[in-house]
Amino acid sequence: MAQYQPWLDTSTDPTIQLLVPNNRLDNLSLPNPLVTVSNFDTQIKEGNSPVDTSLVNVTNLKTLQTMESYLSLSCGLKILQSANPFKAISKSLFVDNSGIEIANLDALYNFSQTRGGLLAPLSPDPIVYCLLGGAPGGVGQYMQYRLPNSFGYAMSLTSEQGGRPWDHNHLDKRVLRITDGEDGTGDLISNADWMAHWIKNDATISGNVTPAKLRKDNLGVDIVIGLAYLDRTDDLSRERDNFKLLVAQSLTALQVLWPDGTMILKCVGANTRATADLIIILSRHFEKVNMMQPLTMDPSSDKFYLICQKFVKQPIVDSTVNLLREIHEKQRLGHSVAKLLMVPSPETDLSIKHYNNLFLQRRLLVLQIVKDVILLIENGQKEQAQKVLNKFVPRFNLYKTSIFWNLPS
Ligand SMILES: C[S@@+](CC[C@H](N)C(=O)[O-])C[C@H]1O[C@@H](n2cnc3c(N)ncnc32)[C@H](O)[C@@H]1O
C-alpha cells in the first residue's frame with residue numbers, strides 16, 4: 001500500500017530511488033521499440049496537419065478535452081500533485097521535473113552507459129552531451145551527477161525572449177558551456193544550424209576537462225537531449241508548435257551526433273501526420289527507437305519522450321539533414337507542414353497509435369479521478385472524496401503502474 005514511502009526518503013542517487021522497491025535492473029524488460037521502415041520517399045506537403053485517426057483514438061482524445069477544465073481548478077491541480085509520488089523526490093533533487101524524468105529514462109535505457117543505479121561509469125571515457133531547451137537545468141544537474149567526467153553544450157531561449165532562465169547556482173559551469181546563439185536569443189529555431197556549426201568548429205572546452213573524443217578531428221557529441229517546448233492551451237496547437245522545435249532540434253542533433261550516439265526528444269503529442277512522419281524519418285538513422293512516458297512524468301501530461309539509440313551515420317543522413325533544413329526554412333517563412341512522406345507506413349502508424357493510446361488512457365484515468373473527487377467535494381461528501389483518493393493513490397505505486405504501462409517491474 002505505502003510502496004512509495006521510501007521515495008520520500010531521499011538519498012543522493014535518483015536512479016536508485018527510482019527503482020525502489022524494484023531496484024534490480026537484471027530482470028527488466030522494456031516495451032517493444034517502434035516498428036519502422038528503412039526506405040521511403042519524402043515530399044513536404046504544406047497545410048495544417050489535423051489529428052489523424054490512424055494515429056490516435058479520436059473519441060478518447062475528445063473525451064479527454066472535455067475533462068481538462070477540471071485541471072484548471074486549483075483543487076484539481078492539488079489532487080493531481082498528490083497522485084504523483086515522484087514529485088517530492090524531483091523537487092528535492094532537481095531544479096525542474098525533467099531531471100527526474102531523464103534519470104528515469106536512463107535507468108530504463110541506460111543511455112549514459114553507466115550501469116543504472118551505480119555511481120561509477122562503466123567507461124572511463126568522458127561523455128559529451130548537448131542540451132537543447134534545457135533551462136533551468138534539471139537535466140544538466142542529472143548529467144553532471146551521473147557522469148562527473150562529462151562535458152556539455154547547451155542552448156535555451158533567454159528570459160528576454162520569454163524563455164526560462166538557467167539556474168546557474170546548481171550547475172557546474174566549468175563543464176557546461178551555455179550559449180545564447182549567434183543572435184543572442186538562445187532560440188533553437190533561429191540557431192539550429194549555427195548550434196551544430198558552433199559545436200563542431202568553434203566551441204572550446206574550458207576548465208581542465210578535455211574529453212578524449214573531442215581531440216579527434218570529428219568533433220561531436222554522444223547524447224543530444226532536446227527538451228524545448230512551449231506551453232499553449234489546446235493539444236493541437238501545442239503539438240504544432242512543438243513540431244517546429246522538434247525539427248530544429250533534430251536538425252542540430254543529426255549534424256553533431258557521433259556514430260552510436262543517442263538522441264532524446266521531449267515531444268508534445270504524436271497525433272498529427274506531420275509529427276508521425278518526422279518520427280518515421282528520424283527512426284531511419286537509429287537502431288532502436290522508443291516512445292516512452294516515464295512514470296515520473298505528470299500523469300496528466302500530453303508529453304512523451306522519443307528515445308533514439310545507436311545512431312547510424314550512413315551517407316543518407318546528409319539527405320535527411322537537408323530535408324529537415326527545408327522543412328525548417330518553410331516553417332520559418334510561416335508555411336505549416338501537413339505531411340512529409342509520400343507512401344504511408346501503416347505498420348509504423350499502428351505502432352505509434354499503440355503508444356498514443358496508452359498515454360491517452362493514463363491521462364483519462366487520472367482526469368476521471370480528479371473529476372470524481374472534485375464533484376464529491378462540491379456535494380459536501382468529503383469523506384467519500386478521500387476514499388476515492390486513497391483508492392487512487394496506490395494505483396500509482398511503482399509495481400501497479402509498471403504493469404499498467406507495461407514497464408519494467
Ligand atoms: C525544459 S522545459 C521546462 C522545464 C519543465 N519544468 C520540465 O521539467 O520539463 C522547456 C524549455 O524549453 C525552452 N524553450 C521553449 N522554446 C524554445 C526555443 N524556441 N528555443 C530554445 N528554448 C526554448 C523554455 O524556455 C524552457 O526552458
# chains A, B, ... in the order shown; residues from 1 in each chain; ligands from 1

call {"tool": "closest_atom_pairs", "arguments": {"of": "chain A", "to": "ligand 1", "cutoff": "7 Å", "atoms": "only C-alpha atoms and all ligand atoms", "output": "CSV"}}
result
residue,atom,partner,partner_atom_place_in_ligand_line,distance
A:Asp96,CA,ligand 1,8 (O),4.5
A:Asn97,CA,ligand 1,8 (O),3.6
A:Ser98,CA,ligand 1,8 (O),3.7
A:Gly99,CA,ligand 1,8 (O),6.9
A:Leu132,CA,ligand 1,21 (C),6.6
A:Gly133,CA,ligand 1,22 (N),3.8
A:Gly134,CA,ligand 1,1 (C),4.6
A:Ala135,CA,ligand 1,27 (O),3.9
A:Pro136,CA,ligand 1,27 (O),5.8
A:Met155,CA,ligand 1,21 (C),6.5
A:Ser156,CA,ligand 1,22 (N),3.8
A:Leu157,CA,ligand 1,22 (N),3.8
A:Thr158,CA,ligand 1,25 (O),6.8
A:Gly162,CA,ligand 1,25 (O),6.7
A:Gly163,CA,ligand 1,25 (O),3.2
A:Arg164,CA,ligand 1,25 (O),4.1
A:Pro165,CA,ligand 1,27 (O),6.8
A:Gly186,CA,ligand 1,21 (C),5.6
A:Asp187,CA,ligand 1,20 (N),3.5
A:Leu188,CA,ligand 1,20 (N),3.9
A:Ile189,CA,ligand 1,19 (N),5.4
A:Leu227,CA,ligand 1,1 (C),4.7
A:Ala228,CA,ligand 1,12 (O),3.3
A:Tyr229,CA,ligand 1,15 (C),4.6
A:Leu230,CA,ligand 1,15 (C),5.0
A:Leu245,CA,ligand 1,19 (N),6.4

call {"tool": "closest_residue", "arguments": {"among": "A:Asp372, A:Ser301, A:Met292, A:Glu326", "to": "Gln384 of chain A", "atoms": "only C-alpha atoms"}}
result
A:Asp372

call {"tool": "residues_around", "arguments": {"residues": "segment 362-369 of chain A", "least_positions_apart": "4", "cutoff": "6 Å", "atoms": "only C-alpha atoms", "output": "NGL selection string"}}
result
:A and (64 or 299-300)

call {"tool": "closest_residue", "arguments": {"among": "A:Asn390, A:Gln144, A:Thr42, A:Thr272", "to": "Asp172 of chain A", "atoms": "only C-alpha atoms"}}
result
A:Gln144

call {"tool": "closest_residue", "arguments": {"among": "A:Leu295, A:Ala274, A:Leu323, A:Ile377", "to": "Asn84 of chain A", "atoms": "only C-alpha atoms"}}
result
A:Leu295

call {"tool": "atom_distance", "arguments": {"atom1": "atom CA of Phe111 of chain A", "atom2": "atom CA of Met143 of chain A"}}
result
11.0 Å

call {"tool": "atom_distance", "arguments": {"atom1": "atom CA of Cys75 of chain A", "atom2": "atom CA of Arg238 of chain A"}}
result
24.2 Å

call {"tool": "atom_distance", "arguments": {"atom1": "atom CA of Val56 of chain A", "atom2": "atom CA of Lys353 of chain A"}}
result
5.2 Å

call {"tool": "select_by_dssp", "arguments": {"residues": "segment 152-332 of chain A", "states": "helix (DSSP H, G or I)", "output": "number ranges by chain"}}
result
A: 159-161, 168-170, 173-175, 192-202, 212-215, 235-256, 273-283, 317-332

call {"tool": "residues_around", "arguments": {"residues": "Leu34 of chain A", "least_positions_apart": "2", "cutoff": "10 Å", "atoms": "only C-alpha atoms", "output": "PyMOL selection string"}}
result
chain A and resi 31-32+36-37+279-280+283+288-291+347-352+354-355

call {"tool": "residues_around", "arguments": {"residues": "segment 307-322 of chain A", "least_positions_apart": "6", "cutoff": "6 Å", "atoms": "only C-alpha atoms", "output": "list in words"}}
result
Leu251, Pro259, Asp260, Gly261, Thr262, Met263, Ile264, His285, Phe286, Glu287, Lys288, Val289 and Asn290 of chain A

call {"tool": "write_last_selection", "arguments": {"atoms": "C-alpha atoms", "output": "mmCIF file, in the first residue's frame"}}
result
data_model
loop_
_atom_site.group_PDB
_atom_site.id
_atom_site.type_symbol
_atom_site.label_atom_id
_atom_site.label_comp_id
_atom_site.auth_asym_id
_atom_site.auth_seq_id
_atom_site.Cartn_x
_atom_site.Cartn_y
_atom_site.Cartn_z
ATOM 1 C CA LEU A 251 18.477 19.423 -37.429
ATOM 2 C CA PRO A 259 28.009 7.074 -34.509
ATOM 3 C CA ASP A 260 26.254 5.003 -31.832
ATOM 4 C CA GLY A 261 25.042 8.192 -30.156
ATOM 5 C CA THR A 262 21.657 8.785 -28.518
ATOM 6 C CA MET A 263 19.061 11.432 -29.259
ATOM 7 C CA ILE A 264 16.223 12.053 -26.817
ATOM 8 C CA HIS A 285 19.005 6.705 -38.566
ATOM 9 C CA PHE A 286 18.845 4.820 -35.278
ATOM 10 C CA GLU A 287 18.909 1.143 -34.493
ATOM 11 C CA LYS A 288 16.267 1.423 -31.789
ATOM 12 C CA VAL A 289 13.511 3.964 -31.288
ATOM 13 C CA ASN A 290 11.024 4.089 -28.432
#

call {"tool": "closest_residue", "arguments": {"among": "A:Cys130, A:Ala192, A:Leu71, A:Leu282", "to": "Ile223 of chain A", "atoms": "only C-alpha atoms"}}
result
A:Cys130

call {"tool": "closest_residue", "arguments": {"among": "A:Tyr70, A:Phe86, A:Phe40, A:Phe304", "to": "Ile374 of chain A", "atoms": "only C-alpha atoms"}}
result
A:Tyr70
